[in-house]
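Peer 1: Sharing work_29.pdb here; it has PDB, C-alpha atoms, pLDDT in the B column.
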```pdb
ATOM      1  CA  ARG A 229     -95.372  68.672-101.560  1.00 58.00           C
ATOM      2  CA  GLN A 230     -97.691  69.184-104.516  1.00 62.00           C
ATOM      3  CA  LEU A 231    -101.063  67.650-105.342  1.00 69.00           C
ATOM      4  CA  PRO A 232    -101.719  64.087-104.066  1.00 70.00           C
ATOM      5  CA  VAL A 233    -101.522  62.610-107.582  1.00 75.00           C
ATOM      6  CA  MET A 234     -98.042  64.086-108.100  1.00 82.00           C
ATOM      7  CA  TYR A 235     -96.193  61.282-106.378  1.00 81.00           C
ATOM      8  CA  SER A 236     -92.717  60.040-107.185  1.00 84.00           C
ATOM      9  CA  ALA A 237     -90.788  56.820-106.649  1.00 88.00           C
ATOM     10  CA  LYS A 238     -87.029  57.324-106.815  1.00 86.00           C
ATOM     11  CA  ASP A 239     -86.281  53.622-106.344  1.00 90.00           C
ATOM     12  CA  HIS A 240     -88.237  52.877-109.525  1.00 90.00           C
ATOM     13  CA  GLY A 241     -86.917  55.815-111.526  1.00 88.00           C
ATOM     14  CA  PHE A 242     -90.293  57.555-111.539  1.00 89.00           C
ATOM     15  CA  PHE A 243     -90.094  61.330-111.296  1.00 86.00           C
ATOM     16  CA  SER A 244     -93.218  63.220-110.266  1.00 82.00           C
ATOM     17  CA  ILE A 245     -95.414  64.845-112.859  1.00 78.00           C
ATOM     18  CA  SER A 246     -95.547  68.601-112.571  1.00 78.00           C
ATOM     19  CA  GLY A 247     -98.275  71.162-112.074  1.00 79.00           C
ATOM     20  CA  ASN A 248     -96.367  73.388-114.498  1.00 85.00           C
ATOM     21  CA  LEU A 249     -97.068  72.375-118.080  1.00 89.00           C
ATOM     22  CA  ALA A 250     -94.310  70.753-120.148  1.00 93.00           C
ATOM     23  CA  THR A 251     -91.514  70.974-117.563  1.00 93.00           C
ATOM     24  CA  GLN A 252     -91.237  67.173-117.539  1.00 93.00           C
ATOM     25  CA  TYR A 253     -90.028  67.251-121.155  1.00 96.00           C
ATOM     26  CA  VAL A 254     -86.876  69.262-120.540  1.00 96.00           C
ATOM     27  CA  GLN A 255     -86.284  67.341-117.316  1.00 95.00           C
ATOM     28  CA  ALA A 256     -86.480  63.993-119.122  1.00 96.00           C
ATOM     29  CA  VAL A 257     -84.121  65.146-121.873  1.00 98.00           C
ATOM     30  CA  GLY A 258     -81.634  66.465-119.314  1.00 97.00           C
ATOM     31  CA  TRP A 259     -81.844  63.246-117.303  1.00 95.00           C
ATOM     32  CA  ALA A 260     -81.268  61.188-120.460  1.00 97.00           C
ATOM     33  CA  MET A 261     -78.278  63.343-121.415  1.00 97.00           C
ATOM     34  CA  ALA A 262     -76.791  62.805-117.950  1.00 96.00           C
ATOM     35  CA  SER A 263     -77.343  59.059-118.220  1.00 94.00           C
ATOM     36  CA  ALA A 264     -75.489  58.977-121.547  1.00 94.00           C
ATOM     37  CA  ILE A 265     -72.627  61.111-120.206  1.00 94.00           C
ATOM     38  CA  LYS A 266     -72.200  58.683-117.292  1.00 93.00           C
ATOM     39  CA  ASN A 267     -72.179  55.734-119.740  1.00 91.00           C
ATOM     40  CA  ASP A 268     -75.289  54.399-118.024  1.00 88.00           C
ATOM     41  CA  THR A 269     -77.691  52.081-119.828  1.00 88.00           C
ATOM     42  CA  LYS A 270     -80.835  53.778-118.547  1.00 93.00           C
ATOM     43  CA  ILE A 271     -83.133  55.790-120.783  1.00 96.00           C
ATOM     44  CA  ALA A 272     -85.792  58.391-120.047  1.00 97.00           C
ATOM     45  CA  ALA A 273     -89.406  58.738-121.163  1.00 97.00           C
ATOM     46  CA  ALA A 274     -91.818  61.627-120.712  1.00 96.00           C
ATOM     47  CA  TRP A 275     -95.495  62.165-121.467  1.00 95.00           C
ATOM     48  CA  ILE A 276     -97.235  65.387-122.374  1.00 94.00           C
ATOM     49  CA  GLY A 277    -100.771  66.350-123.366  1.00 94.00           C
ATOM     50  CA  ASP A 278    -101.666  67.847-126.725  1.00 94.00           C
ATOM     51  CA  GLY A 279    -102.341  71.267-125.211  1.00 92.00           C
ATOM     52  CA  SER A 280     -98.981  71.393-123.457  1.00 93.00           C
ATOM     53  CA  THR A 281     -97.147  71.173-126.781  1.00 94.00           C
ATOM     54  CA  ALA A 282     -97.836  74.900-127.104  1.00 92.00           C
ATOM     55  CA  GLU A 283     -95.454  75.564-124.215  1.00 94.00           C
ATOM     56  CA  SER A 284     -91.901  76.733-124.944  1.00 95.00           C
ATOM     57  CA  ASP A 285     -90.458  73.865-122.876  1.00 96.00           C
ATOM     58  CA  PHE A 286     -91.759  71.441-125.491  1.00 96.00           C
ATOM     59  CA  HIS A 287     -89.646  73.033-128.213  1.00 96.00           C
ATOM     60  CA  ALA A 288     -86.612  73.552-125.975  1.00 97.00           C
ATOM     61  CA  ALA A 289     -86.653  69.853-125.121  1.00 98.00           C
ATOM     62  CA  LEU A 290     -86.732  68.900-128.799  1.00 98.00           C
ATOM     63  CA  VAL A 291     -83.750  71.163-129.531  1.00 97.00           C
ATOM     64  CA  PHE A 292     -81.575  69.583-126.849  1.00 97.00           C
ATOM     65  CA  ALA A 293     -82.793  66.034-127.561  1.00 98.00           C
ATOM     66  CA  SER A 294     -81.918  66.440-131.234  1.00 97.00           C
ATOM     67  CA  THR A 295     -78.597  68.200-130.685  1.00 97.00           C
ATOM     68  CA  TYR A 296     -77.278  65.766-128.073  1.00 96.00           C
ATOM     69  CA  ARG A 297     -79.063  62.650-129.382  1.00 96.00           C
ATOM     70  CA  ALA A 298     -80.416  61.988-125.912  1.00 97.00           C
ATOM     71  CA  PRO A 299     -81.692  58.450-125.215  1.00 98.00           C
ATOM     72  CA  VAL A 300     -85.242  59.600-124.543  1.00 98.00           C
ATOM     73  CA  VAL A 301     -88.769  58.785-125.729  1.00 98.00           C
ATOM     74  CA  LEU A 302     -90.997  61.864-125.911  1.00 98.00           C
ATOM     75  CA  ASN A 303     -94.673  60.888-125.880  1.00 98.00           C
ATOM     76  CA  VAL A 304     -97.558  63.168-126.857  1.00 97.00           C
ATOM     77  CA  VAL A 305    -100.984  62.031-125.658  1.00 97.00           C
ATOM     78  CA  ASN A 306    -103.388  63.624-128.122  1.00 96.00           C
ATOM     79  CA  ASN A 307    -106.697  63.153-126.353  1.00 94.00           C
ATOM     80  CA  GLN A 308    -108.440  65.826-128.484  1.00 94.00           C
ATOM     81  CA  TRP A 309    -109.207  68.150-125.572  1.00 92.00           C
ATOM     82  CA  ALA A 310    -106.728  70.077-123.407  1.00 89.00           C
ATOM     83  CA  ILE A 311    -109.170  70.604-120.540  1.00 86.00           C
ATOM     84  CA  SER A 312    -111.523  72.901-122.514  1.00 88.00           C
ATOM     85  CA  THR A 313    -109.575  73.682-125.693  1.00 90.00           C
ATOM     86  CA  PHE A 314    -109.736  71.536-128.813  1.00 91.00           C
ATOM     87  CA  GLN A 315    -106.372  70.108-129.873  1.00 91.00           C
ATOM     88  CA  GLY A 316    -106.484  72.063-133.134  1.00 87.00           C
ATOM     89  CA  PHE A 317    -105.560  75.253-131.264  1.00 85.00           C
ATOM     90  CA  ALA A 318    -102.316  73.819-129.881  1.00 85.00           C
ATOM     91  CA  ARG A 319    -101.544  72.050-133.146  1.00 85.00           C
ATOM     92  CA  GLY A 320    -101.911  75.222-135.169  1.00 81.00           C
ATOM     93  CA  GLY A 321    -100.958  74.776-138.805  1.00 74.00           C
ATOM     94  CA  SER A 322     -99.116  71.501-138.269  1.00 74.00           C
ATOM     95  CA  SER A 323    -100.643  68.462-139.889  1.00 86.00           C
ATOM     96  CA  THR A 324     -99.992  66.379-136.741  1.00 93.00           C
ATOM     97  CA  PHE A 325     -98.154  66.767-133.459  1.00 94.00           C
ATOM     98  CA  ALA A 326     -95.736  64.042-134.534  1.00 95.00           C
ATOM     99  CA  ALA A 327     -94.822  66.096-137.613  1.00 93.00           C
ATOM    100  CA  ARG A 328     -93.243  68.717-135.387  1.00 93.00           C
ATOM    101  CA  GLY A 329     -90.388  66.346-134.674  1.00 94.00           C
ATOM    102  CA  HIS A 330     -89.334  66.278-138.315  1.00 93.00           C
ATOM    103  CA  GLY A 331     -88.123  69.868-138.173  1.00 92.00           C
ATOM    104  CA  PHE A 332     -85.707  68.863-135.428  1.00 95.00           C
ATOM    105  CA  GLY A 333     -84.521  65.773-137.272  1.00 96.00           C
ATOM    106  CA  ILE A 334     -86.175  63.490-134.722  1.00 97.00           C
ATOM    107  CA  PRO A 335     -87.886  60.274-135.928  1.00 97.00           C
ATOM    108  CA  SER A 336     -91.583  60.659-135.155  1.00 97.00           C
ATOM    109  CA  LEU A 337     -94.462  58.200-135.156  1.00 97.00           C
ATOM    110  CA  ARG A 338     -98.234  58.580-134.926  1.00 97.00           C
ATOM    111  CA  VAL A 339    -100.193  55.639-133.579  1.00 98.00           C
ATOM    112  CA  ASP A 340    -103.773  54.683-132.750  1.00 97.00           C
ATOM    113  CA  GLY A 341    -103.666  55.265-129.006  1.00 97.00           C
ATOM    114  CA  ASN A 342    -106.774  53.152-128.479  1.00 96.00           C
ATOM    115  CA  ASP A 343    -105.133  50.057-129.964  1.00 97.00           C
ATOM    116  CA  TYR A 344    -103.253  48.308-127.152  1.00 97.00           C
ATOM    117  CA  LEU A 345    -101.173  46.123-129.444  1.00 97.00           C
ATOM    118  CA  ALA A 346    -100.172  49.038-131.681  1.00 97.00           C
ATOM    119  CA  VAL A 347     -99.218  51.152-128.663  1.00 98.00           C
ATOM    120  CA  HIS A 348     -97.136  48.321-127.223  1.00 98.00           C
ATOM    121  CA  ALA A 349     -95.328  47.743-130.514  1.00 98.00           C
ATOM    122  CA  VAL A 350     -94.492  51.404-131.081  1.00 98.00           C
ATOM    123  CA  ALA A 351     -93.401  51.994-127.476  1.00 97.00           C
ATOM    124  CA  LYS A 352     -91.188  48.905-127.599  1.00 98.00           C
ATOM    125  CA  TRP A 353     -89.567  50.068-130.851  1.00 98.00           C
ATOM    126  CA  ALA A 354     -88.887  53.561-129.492  1.00 98.00           C
ATOM    127  CA  THR A 355     -87.408  52.327-126.205  1.00 97.00           C
ATOM    128  CA  GLU A 356     -85.188  49.796-127.955  1.00 96.00           C
ATOM    129  CA  ARG A 357     -83.994  52.543-130.267  1.00 96.00           C
ATOM    130  CA  ALA A 358     -83.052  54.701-127.272  1.00 96.00           C
ATOM    131  CA  ARG A 359     -81.277  51.782-125.560  1.00 94.00           C
ATOM    132  CA  ARG A 360     -79.197  51.254-128.707  1.00 94.00           C
ATOM    133  CA  ASN A 361     -78.082  54.891-128.390  1.00 92.00           C
ATOM    134  CA  LEU A 362     -79.748  55.907-131.648  1.00 95.00           C
ATOM    135  CA  GLY A 363     -81.233  59.066-130.202  1.00 95.00           C
ATOM    136  CA  PRO A 364     -84.687  60.424-129.310  1.00 98.00           C
ATOM    137  CA  THR A 365     -88.068  59.456-130.706  1.00 98.00           C
ATOM    138  CA  ILE A 366     -91.391  61.289-130.639  1.00 98.00           C
ATOM    139  CA  VAL A 367     -94.595  59.255-130.437  1.00 98.00           C
ATOM    140  CA  GLU A 368     -98.052  60.785-130.817  1.00 98.00           C
ATOM    141  CA  TYR A 369    -100.870  58.662-129.413  1.00 98.00           C
ATOM    142  CA  VAL A 370    -104.215  59.553-130.971  1.00 97.00           C
ATOM    143  CA  THR A 371    -106.849  58.928-128.324  1.00 96.00           C
ATOM    144  CA  TYR A 372    -109.805  60.614-126.620  1.00 95.00           C
ATOM    145  CA  ARG A 373    -110.483  61.851-123.106  1.00 93.00           C
ATOM    146  CA  ALA A 374    -113.938  60.425-122.530  1.00 91.00           C
ATOM    147  CA  GLY A 375    -114.296  61.769-118.991  1.00 91.00           C
ATOM    148  CA  ALA A 376    -113.736  65.100-117.323  1.00 92.00           C
ATOM    149  CA  HIS A 377    -110.273  66.645-117.159  1.00 90.00           C
ATOM    150  CA  SER A 378    -110.563  66.850-113.364  1.00 86.00           C
ATOM    151  CA  THR A 379    -113.186  66.676-110.628  1.00 85.00           C
ATOM    152  CA  SER A 380    -113.806  70.417-111.099  1.00 88.00           C
ATOM    153  CA  ASP A 381    -114.269  70.114-114.871  1.00 92.00           C
ATOM    154  CA  ASP A 382    -117.609  69.905-116.695  1.00 93.00           C
ATOM    155  CA  PRO A 383    -116.876  68.753-120.275  1.00 93.00           C
ATOM    156  CA  SER A 384    -120.503  69.278-121.334  1.00 92.00           C
ATOM    157  CA  ALA A 385    -119.787  73.020-121.223  1.00 93.00           C
ATOM    158  CA  TYR A 386    -117.395  72.879-124.178  1.00 93.00           C
ATOM    159  CA  ARG A 387    -118.145  69.732-126.206  1.00 93.00           C
ATOM    160  CA  PRO A 388    -121.174  67.598-127.136  1.00 91.00           C
ATOM    161  CA  LYS A 389    -122.113  65.057-124.489  1.00 89.00           C
ATOM    162  CA  THR A 390    -122.347  62.265-127.048  1.00 90.00           C
ATOM    163  CA  GLU A 391    -119.126  63.079-128.919  1.00 91.00           C
ATOM    164  CA  PHE A 392    -117.222  60.086-127.580  1.00 88.00           C
ATOM    165  CA  ASP A 393    -119.953  57.711-128.788  1.00 88.00           C
ATOM    166  CA  ALA A 394    -119.072  58.740-132.345  1.00 89.00           C
ATOM    167  CA  TRP A 395    -115.300  58.578-131.812  1.00 89.00           C
ATOM    168  CA  PRO A 396    -114.154  56.243-134.597  1.00 91.00           C
ATOM    169  CA  LEU A 397    -111.294  54.549-132.742  1.00 91.00           C
ATOM    170  CA  GLY A 398    -113.581  53.123-130.050  1.00 90.00           C
ATOM    171  CA  ASP A 399    -112.970  52.171-126.444  1.00 92.00           C
ATOM    172  CA  PRO A 400    -109.480  50.644-125.993  1.00 94.00           C
ATOM    173  CA  VAL A 401    -110.516  48.171-123.290  1.00 94.00           C
ATOM    174  CA  LYS A 402    -113.442  46.863-125.313  1.00 95.00           C
ATOM    175  CA  ARG A 403    -111.304  46.600-128.441  1.00 96.00           C
ATOM    176  CA  LEU A 404    -108.664  44.545-126.651  1.00 97.00           C
ATOM    177  CA  LYS A 405    -111.296  42.382-124.977  1.00 97.00           C
ATOM    178  CA  ASP A 406    -113.024  41.640-128.298  1.00 97.00           C
ATOM    179  CA  HIS A 407    -109.674  40.853-129.945  1.00 97.00           C
ATOM    180  CA  LEU A 408    -108.644  38.421-127.211  1.00 97.00           C
ATOM    181  CA  ILE A 409    -112.043  36.712-127.223  1.00 98.00           C
ATOM    182  CA  ALA A 410    -111.865  36.305-130.998  1.00 97.00           C
ATOM    183  CA  ARG A 411    -108.453  34.642-130.605  1.00 97.00           C
ATOM    184  CA  GLY A 412    -109.739  32.349-127.865  1.00 97.00           C
ATOM    185  CA  ALA A 413    -107.461  33.860-125.220  1.00 97.00           C
ATOM    186  CA  TRP A 414    -110.264  35.492-123.188  1.00 97.00           C
ATOM    187  CA  SER A 415    -113.984  35.172-122.495  1.00 98.00           C
ATOM    188  CA  GLU A 416    -116.899  37.261-121.268  1.00 97.00           C
ATOM    189  CA  GLU A 417    -116.952  35.204-118.064  1.00 97.00           C
ATOM    190  CA  ARG A 418    -113.234  35.734-117.430  1.00 97.00           C
ATOM    191  CA  HIS A 419    -113.684  39.445-118.153  1.00 97.00           C
ATOM    192  CA  ARG A 420    -116.433  39.802-115.545  1.00 97.00           C
ATOM    193  CA  GLN A 421    -114.273  37.880-113.088  1.00 98.00           C
ATOM    194  CA  GLY A 422    -111.325  40.159-113.838  1.00 96.00           C
ATOM    195  CA  GLU A 423    -113.433  43.279-113.305  1.00 97.00           C
ATOM    196  CA  ALA A 424    -114.608  41.935-109.946  1.00 98.00           C
ATOM    197  CA  GLU A 425    -111.029  41.151-108.901  1.00 98.00           C
ATOM    198  CA  ILE A 426    -109.856  44.644-109.840  1.00 97.00           C
ATOM    199  CA  LEU A 427    -112.786  46.264-108.036  1.00 98.00           C
ATOM    200  CA  ASP A 428    -111.950  44.309-104.867  1.00 98.00           C
ATOM    201  CA  GLU A 429    -108.334  45.455-105.125  1.00 98.00           C
ATOM    202  CA  VAL A 430    -109.356  49.096-105.575  1.00 98.00           C
ATOM    203  CA  VAL A 431    -111.797  48.977-102.645  1.00 98.00           C
ATOM    204  CA  ALA A 432    -109.138  47.385-100.421  1.00 98.00           C
ATOM    205  CA  ALA A 433    -106.629  50.095-101.393  1.00 96.00           C
ATOM    206  CA  GLN A 434    -109.213  52.792-100.695  1.00 95.00           C
ATOM    207  CA  ARG A 435    -109.976  51.394 -97.259  1.00 95.00           C
ATOM    208  CA  GLU A 436    -106.279  51.235 -96.421  1.00 94.00           C
ATOM    209  CA  ALA A 437    -105.803  54.832 -97.573  1.00 88.00           C
ATOM    210  CA  GLU A 438    -108.757  56.003 -95.490  1.00 90.00           C
ATOM    211  CA  THR A 439    -107.129  54.612 -92.345  1.00 89.00           C
ATOM    212  CA  HIS A 440    -104.630  57.458 -92.707  1.00 83.00           C
ATOM    213  CA  GLY A 441    -107.454  60.000 -92.777  1.00 82.00           C
ATOM    214  CA  THR A 442    -109.727  61.673 -95.317  1.00 84.00           C
ATOM    215  CA  LEU A 443    -110.664  65.244 -96.144  1.00 79.00           C
ATOM    216  CA  HIS A 444    -113.470  64.978 -93.590  1.00 84.00           C
ATOM    217  CA  ALA A 445    -111.992  62.923 -90.780  1.00 82.00           C
ATOM    218  CA  GLY A 446    -108.817  61.432 -89.413  1.00 76.00           C
ATOM    219  CA  GLY A 447    -105.362  62.749 -88.815  1.00 73.00           C
ATOM    220  CA  LYS A 448    -104.093  65.853 -90.548  1.00 74.00           C
ATOM    221  CA  PRO A 449    -100.456  66.761 -91.167  1.00 74.00           C
ATOM    222  CA  SER A 450     -98.881  69.399 -89.005  1.00 81.00           C
ATOM    223  CA  PRO A 451     -98.221  72.799 -90.611  1.00 83.00           C
ATOM    224  CA  ARG A 452     -94.626  72.113 -89.575  1.00 85.00           C
ATOM    225  CA  ASP A 453     -94.402  69.633 -92.451  1.00 84.00           C
ATOM    226  CA  MET A 454     -94.482  72.406 -95.052  1.00 83.00           C
ATOM    227  CA  PHE A 455     -90.998  73.433 -93.929  1.00 87.00           C
ATOM    228  CA  GLU A 456     -89.507  69.937 -94.050  1.00 83.00           C
ATOM    229  CA  GLY A 457     -88.050  67.919 -96.912  1.00 79.00           C
ATOM    230  CA  VAL A 458     -87.375  70.863 -99.230  1.00 79.00           C
ATOM    231  CA  PHE A 459     -83.772  71.829 -98.475  1.00 87.00           C
ATOM    232  CA  SER A 460     -81.007  69.572 -97.164  1.00 87.00           C
ATOM    233  CA  GLU A 461     -80.169  72.420 -94.790  1.00 92.00           C
ATOM    234  CA  MET A 462     -83.024  74.742 -93.938  1.00 93.00           C
ATOM    235  CA  PRO A 463     -82.122  78.366 -94.799  1.00 95.00           C
ATOM    236  CA  PRO A 464     -82.346  81.007 -92.059  1.00 95.00           C
ATOM    237  CA  HIS A 465     -85.438  82.743 -93.423  1.00 95.00           C
ATOM    238  CA  LEU A 466     -87.449  79.498 -93.311  1.00 93.00           C
ATOM    239  CA  ARG A 467     -86.255  78.742 -89.788  1.00 93.00           C
ATOM    240  CA  ARG A 468     -87.495  82.180 -88.736  1.00 94.00           C
ATOM    241  CA  GLN A 469     -90.841  81.626 -90.425  1.00 94.00           C
ATOM    242  CA  ARG A 470     -91.237  78.234 -88.724  1.00 92.00           C
ATOM    243  CA  GLN A 471     -90.432  79.768 -85.330  1.00 93.00           C
ATOM    244  CA  GLN A 472     -92.867  82.613 -85.929  1.00 94.00           C
ATOM    245  CA  ALA A 473     -95.539  80.059 -86.748  1.00 91.00           C
ATOM    246  CA  GLY A 474     -94.850  78.296 -83.466  1.00 90.00           C
ATOM    247  CA  TYR A 475     -93.264  75.159 -84.931  1.00 86.00           C
TER     248      TYR A 475
END
```
Can you present the structure in this file as structure tokens?

Peer 2:
Amino acid sequence: RQLPVMYSAKDHGFFSISGNLATQYVQAVGWAMASAIKNDTKIAAAWIGDGSTAESDFHAALVFASTYRAPVVLNVVNNQWAISTFQGFARGGSSTFAARGHGFGIPSLRVDGNDYLAVHAVAKWATERARRNLGPTIVEYVTYRAGAHSTSDDPSAYRPKTEFDAWPLGDPVKRLKDHLIARGAWSEERHRQGEAEILDEVVAAQREAETHGTLHAGGKPSPRDMFEGVFSEMPPHLRRQRQQAGY
């Protein structure tokens, strides 16, 4: 019922991201606590942007994760720009975002987010630690948002257009490609082939999606749908509103 990108998949344990900043942190910690209480083997993981660490939910989640040793991995994606605000504002006087976990007694790591192998190794370590019931971990991924924050965002209004070209950690896809080629596990030809295969898959998915309608043509949902799927039993005031709307 939110934005199209805020999908969820209950069968796969994927809870929707939220339009409200940082709420997913406290939700993940609570879910992990419940899993531990039920003697389940499942763990939780949540991701947050650097700007959202300024929200109170970020700190509340760390308090509960530390106190109850929740089996959760709390990831901070430091992409340098929270839509139009440099990460230094949200970070304040802290040396790093990862350092904030130390005050809560939570093991915290900072990793090159543009290094695929480093990211994989750190994420694997943190998840294994949670599965062994050793408590929460905070991971800060140092990366860079090269594109716009959204389709309505113009990054040239608040940062130099060529800033990413000087970003020292480089493009993660190119770095991995060069590494694999150097090890003889990849090639320029196979890379071009892979890009073509992915493009075909994306185009096919787009065409399938467009059969259900677009913003300009095709079927549109009924206004009746806004009343459905929210409550297990629709409350009287919503039934009245639906009737008044003619649905």

Peer 1: Could you work out how far atom CA of Pro400 of chain A lies from atom CA of Gly412 of chain A, giving the answer in Å with one decimal?

Peer 2: 18.4 Å

Peer 1: Mind checking which residues fall within 12 Å of His287 of chain A, counting all atoms listed in the file, ignoring those fewer than 2 positions away in the same chain, and posting them as number ranges by chain?

Peer 2: A: 250-251, 253-254, 257, 280-285, 289-294, 302, 325, 328-329, 331-332

Peer 1: Go through A:Ala354, A:Val370, A:Ala326, A:Ala410 and flag the residue nearest Val339 of chain A, using only C-alpha atoms for the distances.

Peer 2: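 Among the listed residues, A:Val370 lies closest to Val339 of chain A.
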
Peer 1: So the first atom is atom CA of Asn342 of chain A and the second is atom CA of Ala288 of chain A; what is the distance between them in Å, to one decimal place?

Peer 2: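 Rounded to one decimal, the two atoms are 28.8 Å apart.
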
Peer 1: For atom CA of Leu249 of chain A and atom CA of Ala376 of chain A, quote the distance in Å rounded to one decimal.

Peer 2: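 Taking atom CA of Leu249 of chain A as the start and atom CA of Ala376 of chain A as the end point, the length is 18.2 Å.
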
Peer 1: Which residue out of A:Ile271, A:Ala424, A:Val300, A:Val347 has the minimum interatomic distance to Pro335 of chain A when only C-alpha atoms are used?

Peer 2: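 Nearest candidate to Pro335 of chain A out of A:Ile271, A:Ala424, A:Val300, A:Val347: A:Val300.
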
Peer 1: Pick the closest to Ala272 of chain A from A:Phe459, A:Phe286, A:Phe314, A:Phe243: which is it, counting all atoms listed in the file?

Peer 2: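 Of all the options, A:Phe243 lies closest to Ala272 of chain A.
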
Peer 1: Give me the residues within 12 Å of segment 234-241 of chain A as number ranges by chain, counting all atoms listed in the file and dropping any in the same chain fewer than 4 places off.

Peer 2: A: 229-230, 245-248, 256, 259-260, 270-274

Peer 1: Go through the shown structure with the PyMOL selection byres ((chain A and resi 312) around 9) and write out the matching residues as a list in words.

Peer 2: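 For this structure, the PyMOL selection byres ((chain A and resi 312) around 9) captures Trp309, Ala310, Ile311, Thr313, Phe314, His377, Asp381, Asp382, Pro383, Ala385, Tyr386 and Arg387 of chain A.
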
Peer 1: Out of A:Asn361, A:Asn306, A:Thr324, A:Ser450, which residue has the shortest atom-to-atom distance to Met261 of chain A when counting all atoms listed in the file?

Peer 2: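 Among the listed residues, the smallest separation from Met261 of chain A belongs to A:Asn361.
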
Peer 1: Restricting the calculation to only C-alpha atoms, which member of A:Gln252, A:Glu356, A:Glu417, A:Gly316 is positioned closest to Thr269 of chain A?

Peer 2: A:Glu356

Peer 1: From the list A:Ile409, A:Ala473, A:Leu345, A:Ile334, which residue is nearest Ile366 of chain A when using all atoms listed in the file?

Peer 2: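 Of A:Ile409, A:Ala473, A:Leu345, A:Ile334, the one nearest Ile366 of chain A is A:Ile334, counting all atoms listed in the file.
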
Peer 1: Considering all atoms listed in the file, return as a PDB file with C-alpha atoms, keeping the file's coordinate frame whatever protein or nucleic-acid residues lie within 12 Å of Gln469 of chain A, sequence-local ones (same chain, fewer than 6 positions apart) excluded.

Peer 2:
```
ATOM      1  CA  PRO A 451     -98.221  72.799 -90.611  1.00 83.00           C
ATOM      2  CA  ARG A 452     -94.626  72.113 -89.575  1.00 85.00           C
ATOM      3  CA  MET A 454     -94.482  72.406 -95.052  1.00 83.00           C
ATOM      4  CA  PHE A 455     -90.998  73.433 -93.929  1.00 87.00           C
ATOM      5  CA  MET A 462     -83.024  74.742 -93.938  1.00 93.00           C
ATOM      6  CA  PRO A 463     -82.122  78.366 -94.799  1.00 95.00           C
ATOM      7  CA  TYR A 475     -93.264  75.159 -84.931  1.00 86.00           C
TER       8      TYR A 475
END
```

Peer 1: Running the PyMOL selection byres ((chain A and resi 340) around 12) on this model by hand, what would come out? Give it as a list of chain:residue names.

Peer 2: A:Val305, A:Asn306, A:Asn307, A:Leu337, A:Arg338, A:Val339, A:Gly341, A:Asn342, A:Asp343, A:Tyr344, A:Leu345, A:Ala346, A:Val347, A:His348, A:Ala349, A:Val350, A:Ala351, A:Val367, A:Glu368, A:Tyr369, A:Val370, A:Thr371, A:Tyr372, A:Pro396, A:Leu397, A:Gly398, A:Asp399, A:Pro400, A:Arg403
